[in-house]
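Colleague: Starting off with a structure, shown below.
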Amino acid sequence: MQSIVEFDNLTKEFGKKKALDQISLQIPKGRIIGLLGPNGSGKTTMMKLMNGLIQPSEGEVRIDGIKPGTESKKIVSYLPEKTYLNEWMKVRDIISFFGDFYADFDHYKCRELLKDLNIDINDKLKTMSKGTKEKVQLILVMSRKAQLYLLDEPIGGVDPAARDYILKTILSNYNEGASIILSTHLIGDVEKIFDDVIFLSYGTIALNGSVDEIREEKGKSIDELFREVFKC
Amino acid sequence: MLGKLLKYELKATARTFLPLYGAIIILALVNKAFLSFEFEYGMLIGFLTLFGLFIALVVVTLVLTVTRFYKNLLSSEGYLMFTLPVNADQLIWSKLLVTLLWMAASCAIGVVTFVVLLWQTSIPWQDVLNAVKEVFQAAVEGNYMGVIIQFMVAFLLSALGSILMIYASLAIGQLPPFSNNRVAAAVVAFILINIAVNILELILVFGLGMTIDTPAINSNLGMRILTGANILSFIEAVAFYFATRIILKKHLNLA
């Protein structure tokens, strides 16, 4: 199986609204993909479909050849946009939790990364700043040796220095041969790490290709191209 | 995986129940002391407090049943729980079993309190127990083991049914049409389901009851009615379970 994700004529409707319209695409293994689009274009919906939080209205999505379920969740590591951990838990408890449920979780790496940030594992999440909480969640997600990492707006609410740290952490810690799908609308900072980009516009794919080819063909940065394609 | 979920669910709820149990046991012992020394003023306050604690236990159990399901599965923690390599059945059962466990433990604490308070008082226990047994056997005329079992099953099914009805209501409340009013929708769902189930039971009871005289509880017909009631409770519990399950599997609508 060469693709880690396959979308097969997938449509997702919420009531009358089509969030995704007849999406077909393949995500190859071992690539870092930027999922780019304005707010409301369907990026989070695509991610939720890939990790099984919602079901397609029509069509299918497959992770490594199988429909999202218990088996696919073993190989998919997901970072949602929000804080999704119990704030009363200590970091060490959350580490145990991840280690308990995910066979691919690397305790050692996780503790090392937290130590680098001077985060005390005996602290409760509640006592941390928003930026620190987000870093903790990112570290937990990247400490898994997953086949697919789904990162939904990982650099959204943090300062530029933190953004650099986050990108560095992502790049130096993901499992070899795995794919990362990172959704964002802060493209300038991030485009240097992408192998491929997908532009999502009102639920359809406006663009899908390798960053190098696009830059050569269009002669502009992804950020510039984005502004062009999605001009208001 | 279910075992792991059970472990975490127990951990999350123990911090509420264990201190309460501790307080009850201590108070029972204190009241026992008051009883022995006939310290009437202490006894008044003590027993009122003990009674209050038991009421608190009931309330806490109910509140925790609702909040654990809602907070851990249907709020932002749901993003964690539903992306774990577990299925909806395991998530439901982990919460259901732990709630039942605490209910059983609470009953046990009640019995312990009772025993502690009445231990070594001048009541002739052996005679009391024998008298109770005789009265019971006379009322039930023979198949009293069967009746006891029926009542125990009824008790269990009733607990299961209540918990699952709460879960089903919460699950319905988070469906897309109610996205902005989840709690209100859940409350309304609960009330409506309650009404519907009561009407259904009434119809069945009157419909069947019209045709027969009230039988003795141990007679064939009596036992059959008990069994019938239990079967109905079972069907209700199963219906609530599957409603919850299908909503969580196919119609999860996390905020």
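Quick note on naming: the chains in the structure tokens go A, B, ... in the order shown, residues restart at 1 in each chain, and ligands are numbered from 1 in order of appearance.
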Got a sec: who's within 9 Å of Leu91 in chain B, counting only C-alpha atoms, leaving out chain neighbours fewer than 6 positions off, as a list of chain:residue names?

Modeller: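 Here the answer would be B:Leu2, B:Leu5, B:Leu6, B:Leu73, B:Met81, B:Phe82.
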
Colleague: Mind writing the picked residues with all heavy atoms as a PDB file, in the first residue's frame?

Modeller:
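This is the output file part-v8.pdb:
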```pdb
ATOM      1  N   LEU B   2     -10.534  -2.591  27.483  1.00  0.00           N
ATOM      2  CA  LEU B   2     -11.624  -2.274  28.407  1.00  0.00           C
ATOM      3  C   LEU B   2     -11.077  -2.176  29.824  1.00  0.00           C
ATOM      4  O   LEU B   2     -11.440  -1.278  30.591  1.00  0.00           O
ATOM      5  CB  LEU B   2     -12.712  -3.359  28.336  1.00  0.00           C
ATOM      6  CG  LEU B   2     -13.886  -3.179  29.290  1.00  0.00           C
ATOM      7  CD1 LEU B   2     -14.620  -1.881  29.018  1.00  0.00           C
ATOM      8  CD2 LEU B   2     -14.865  -4.331  29.172  1.00  0.00           C
ATOM      9  N   LEU B   5      -9.543   1.177  30.354  1.00  0.00           N
ATOM     10  CA  LEU B   5     -10.575   2.207  30.505  1.00  0.00           C
ATOM     11  C   LEU B   5     -11.200   2.124  31.894  1.00  0.00           C
ATOM     12  O   LEU B   5     -11.443   3.146  32.536  1.00  0.00           O
ATOM     13  CB  LEU B   5     -11.661   2.037  29.435  1.00  0.00           C
ATOM     14  CG  LEU B   5     -11.258   2.404  28.009  1.00  0.00           C
ATOM     15  CD1 LEU B   5     -12.353   1.994  27.032  1.00  0.00           C
ATOM     16  CD2 LEU B   5     -10.999   3.901  27.887  1.00  0.00           C
ATOM     17  N   LEU B   6     -11.445   0.896  32.362  1.00  0.00           N
ATOM     18  CA  LEU B   6     -12.013   0.712  33.691  1.00  0.00           C
ATOM     19  C   LEU B   6     -11.081   1.304  34.742  1.00  0.00           C
ATOM     20  O   LEU B   6     -11.519   1.994  35.672  1.00  0.00           O
ATOM     21  CB  LEU B   6     -12.234  -0.779  33.983  1.00  0.00           C
ATOM     22  CG  LEU B   6     -13.422  -1.446  33.285  1.00  0.00           C
ATOM     23  CD1 LEU B   6     -13.349  -2.959  33.450  1.00  0.00           C
ATOM     24  CD2 LEU B   6     -14.732  -0.932  33.845  1.00  0.00           C
ATOM     25  N   LEU B  73     -16.679  12.132  27.587  1.00  0.00           N
ATOM     26  CA  LEU B  73     -16.946  11.644  26.237  1.00  0.00           C
ATOM     27  C   LEU B  73     -17.500  12.698  25.292  1.00  0.00           C
ATOM     28  O   LEU B  73     -17.277  12.625  24.088  1.00  0.00           O
ATOM     29  CB  LEU B  73     -17.914  10.453  26.286  1.00  0.00           C
ATOM     30  CG  LEU B  73     -17.392   9.200  26.961  1.00  0.00           C
ATOM     31  CD1 LEU B  73     -18.448   8.109  26.916  1.00  0.00           C
ATOM     32  CD2 LEU B  73     -16.110   8.713  26.313  1.00  0.00           C
ATOM     33  N   MET B  81     -10.707  10.661  23.929  1.00  0.00           N
ATOM     34  CA  MET B  81     -11.283   9.329  24.155  1.00  0.00           C
ATOM     35  C   MET B  81     -11.693   8.642  22.859  1.00  0.00           C
ATOM     36  O   MET B  81     -11.512   7.433  22.711  1.00  0.00           O
ATOM     37  CB  MET B  81     -12.494   9.421  25.103  1.00  0.00           C
ATOM     38  CG  MET B  81     -12.197  10.008  26.470  1.00  0.00           C
ATOM     39  SD  MET B  81     -10.806   9.223  27.310  1.00  0.00           S
ATOM     40  CE  MET B  81     -11.551   7.668  27.794  1.00  0.00           C
ATOM     41  N   PHE B  82     -12.229   9.419  21.912  1.00  0.00           N
ATOM     42  CA  PHE B  82     -12.704   8.778  20.687  1.00  0.00           C
ATOM     43  C   PHE B  82     -11.617   8.599  19.636  1.00  0.00           C
ATOM     44  O   PHE B  82     -11.876   8.059  18.566  1.00  0.00           O
ATOM     45  CB  PHE B  82     -13.890   9.551  20.098  1.00  0.00           C
ATOM     46  CG  PHE B  82     -15.186   9.251  20.800  1.00  0.00           C
ATOM     47  CD1 PHE B  82     -15.694  10.129  21.742  1.00  0.00           C
ATOM     48  CD2 PHE B  82     -15.873   8.091  20.530  1.00  0.00           C
ATOM     49  CE1 PHE B  82     -16.872   9.847  22.412  1.00  0.00           C
ATOM     50  CE2 PHE B  82     -17.068   7.799  21.182  1.00  0.00           C
ATOM     51  CZ  PHE B  82     -17.571   8.672  22.130  1.00  0.00           C
TER      52      PHE B  82
END
```

Colleague: Quick check: residues of chain A within 6 Å of chain B, only C-alpha atoms, returned as an MDAnalysis selection string.

Modeller: chainID A and resid 70 73:74 84:85

Colleague: Write a file of the selected residues as a short mmCIF file (atom, residue, chain, number, x, y, z; two decimals), in the first residue's frame, keeping N, CA, C and O atoms.

Modeller:
```
data_model
loop_
_atom_site.label_atom_id
_atom_site.label_comp_id
_atom_site.auth_asym_id
_atom_site.auth_seq_id
_atom_site.Cartn_x
_atom_site.Cartn_y
_atom_site.Cartn_z
N THR A 70 -10.87 1.14 15.18
CA THR A 70 -9.91 0.81 16.24
C THR A 70 -8.52 0.54 15.69
O THR A 70 -7.51 0.99 16.24
N LYS A 73 -6.77 3.75 14.42
CA LYS A 73 -6.41 4.67 15.48
C LYS A 73 -5.09 4.28 16.14
O LYS A 73 -4.42 5.10 16.76
N LYS A 74 -4.69 3.03 15.99
CA LYS A 74 -3.41 2.61 16.54
C LYS A 74 -2.24 3.24 15.80
O LYS A 74 -1.15 3.36 16.34
N TYR A 84 -7.48 19.09 24.76
CA TYR A 84 -8.39 17.96 24.88
C TYR A 84 -8.04 17.05 26.04
O TYR A 84 -8.57 15.96 26.18
N LEU A 85 -7.11 17.52 26.87
CA LEU A 85 -6.72 16.72 28.03
C LEU A 85 -7.41 17.25 29.27
O LEU A 85 -7.72 18.42 29.37
#
```

Colleague: If you measure from CA of Asn181 in chain B to CA of Ile92 in chain B, what distance in Å do you get, rounded to one decimal?

Modeller: 22.8 Å

Colleague: So what do you get for CA of Ser106 in chain B versus CA of Leu20 in chain B, distance-wise?

Modeller: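 Separation of CA of Ser106 in chain B and CA of Leu20 in chain B: 9.8 Å.
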
Colleague: Under the rule that only C-alpha atoms are counted, which of A:Thr11, A:Ile75, A:His107, A:Ala206 is the nearest residue to Ile54 in chain A?

Modeller: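 Ranked by minimum distance to Ile54 in chain A, first place goes to A:Thr11.
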
Colleague: Among chain A, which residues does DSSP mark as strand (DSSP E) when it is run on the backbone? Keep the chain and numbering as in the structure and answer as JSON, numbers by chain.

Modeller: {"A": [3, 4, 5, 6, 7, 8, 9, 10, 11, 12, 13, 14, 17, 18, 19, 20, 21, 22, 23, 24, 25, 26, 27, 28, 32, 33, 34, 35, 36, 58, 59, 60, 61, 62, 63, 76, 77, 78, 79, 148, 149, 150, 151, 152, 179, 180, 181, 182, 183, 184, 196, 197, 198, 199, 200, 201, 204, 205, 206, 207, 208, 209, 210]}

Colleague: Using only C-alpha atoms, which residues sit within 12 Å of range 29-46 of chain B once same-chain residues fewer than 4 positions away are excluded, as a ChimeraX atom specification?

Modeller: /B:22-25,50-53,112-122

Colleague: Between CA of Leu35 in chain A and CA of Met142 in chain A, what is the distance in Å, rounded to a tenth?

Modeller: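 Those two atoms sit 18.1 Å apart.
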
Colleague: Rank nothing, just name the residue among B:Gln137, B:Thr99, B:Thr16, B:Gln174 nearest to Thr244 in chain B, using only C-alpha atoms.

Modeller: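 Nearest candidate to Thr244 in chain B out of B:Gln137, B:Thr99, B:Thr16, B:Gln174: B:Gln174.
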
Colleague: For Leu64 in chain B, which residue among B:Ile166, B:Leu160, B:Ala154, B:Val147 is the nearest when counting only C-alpha atoms?

Modeller: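 Of B:Ile166, B:Leu160, B:Ala154, B:Val147, the one nearest Leu64 in chain B is B:Ile166, counting only C-alpha atoms.
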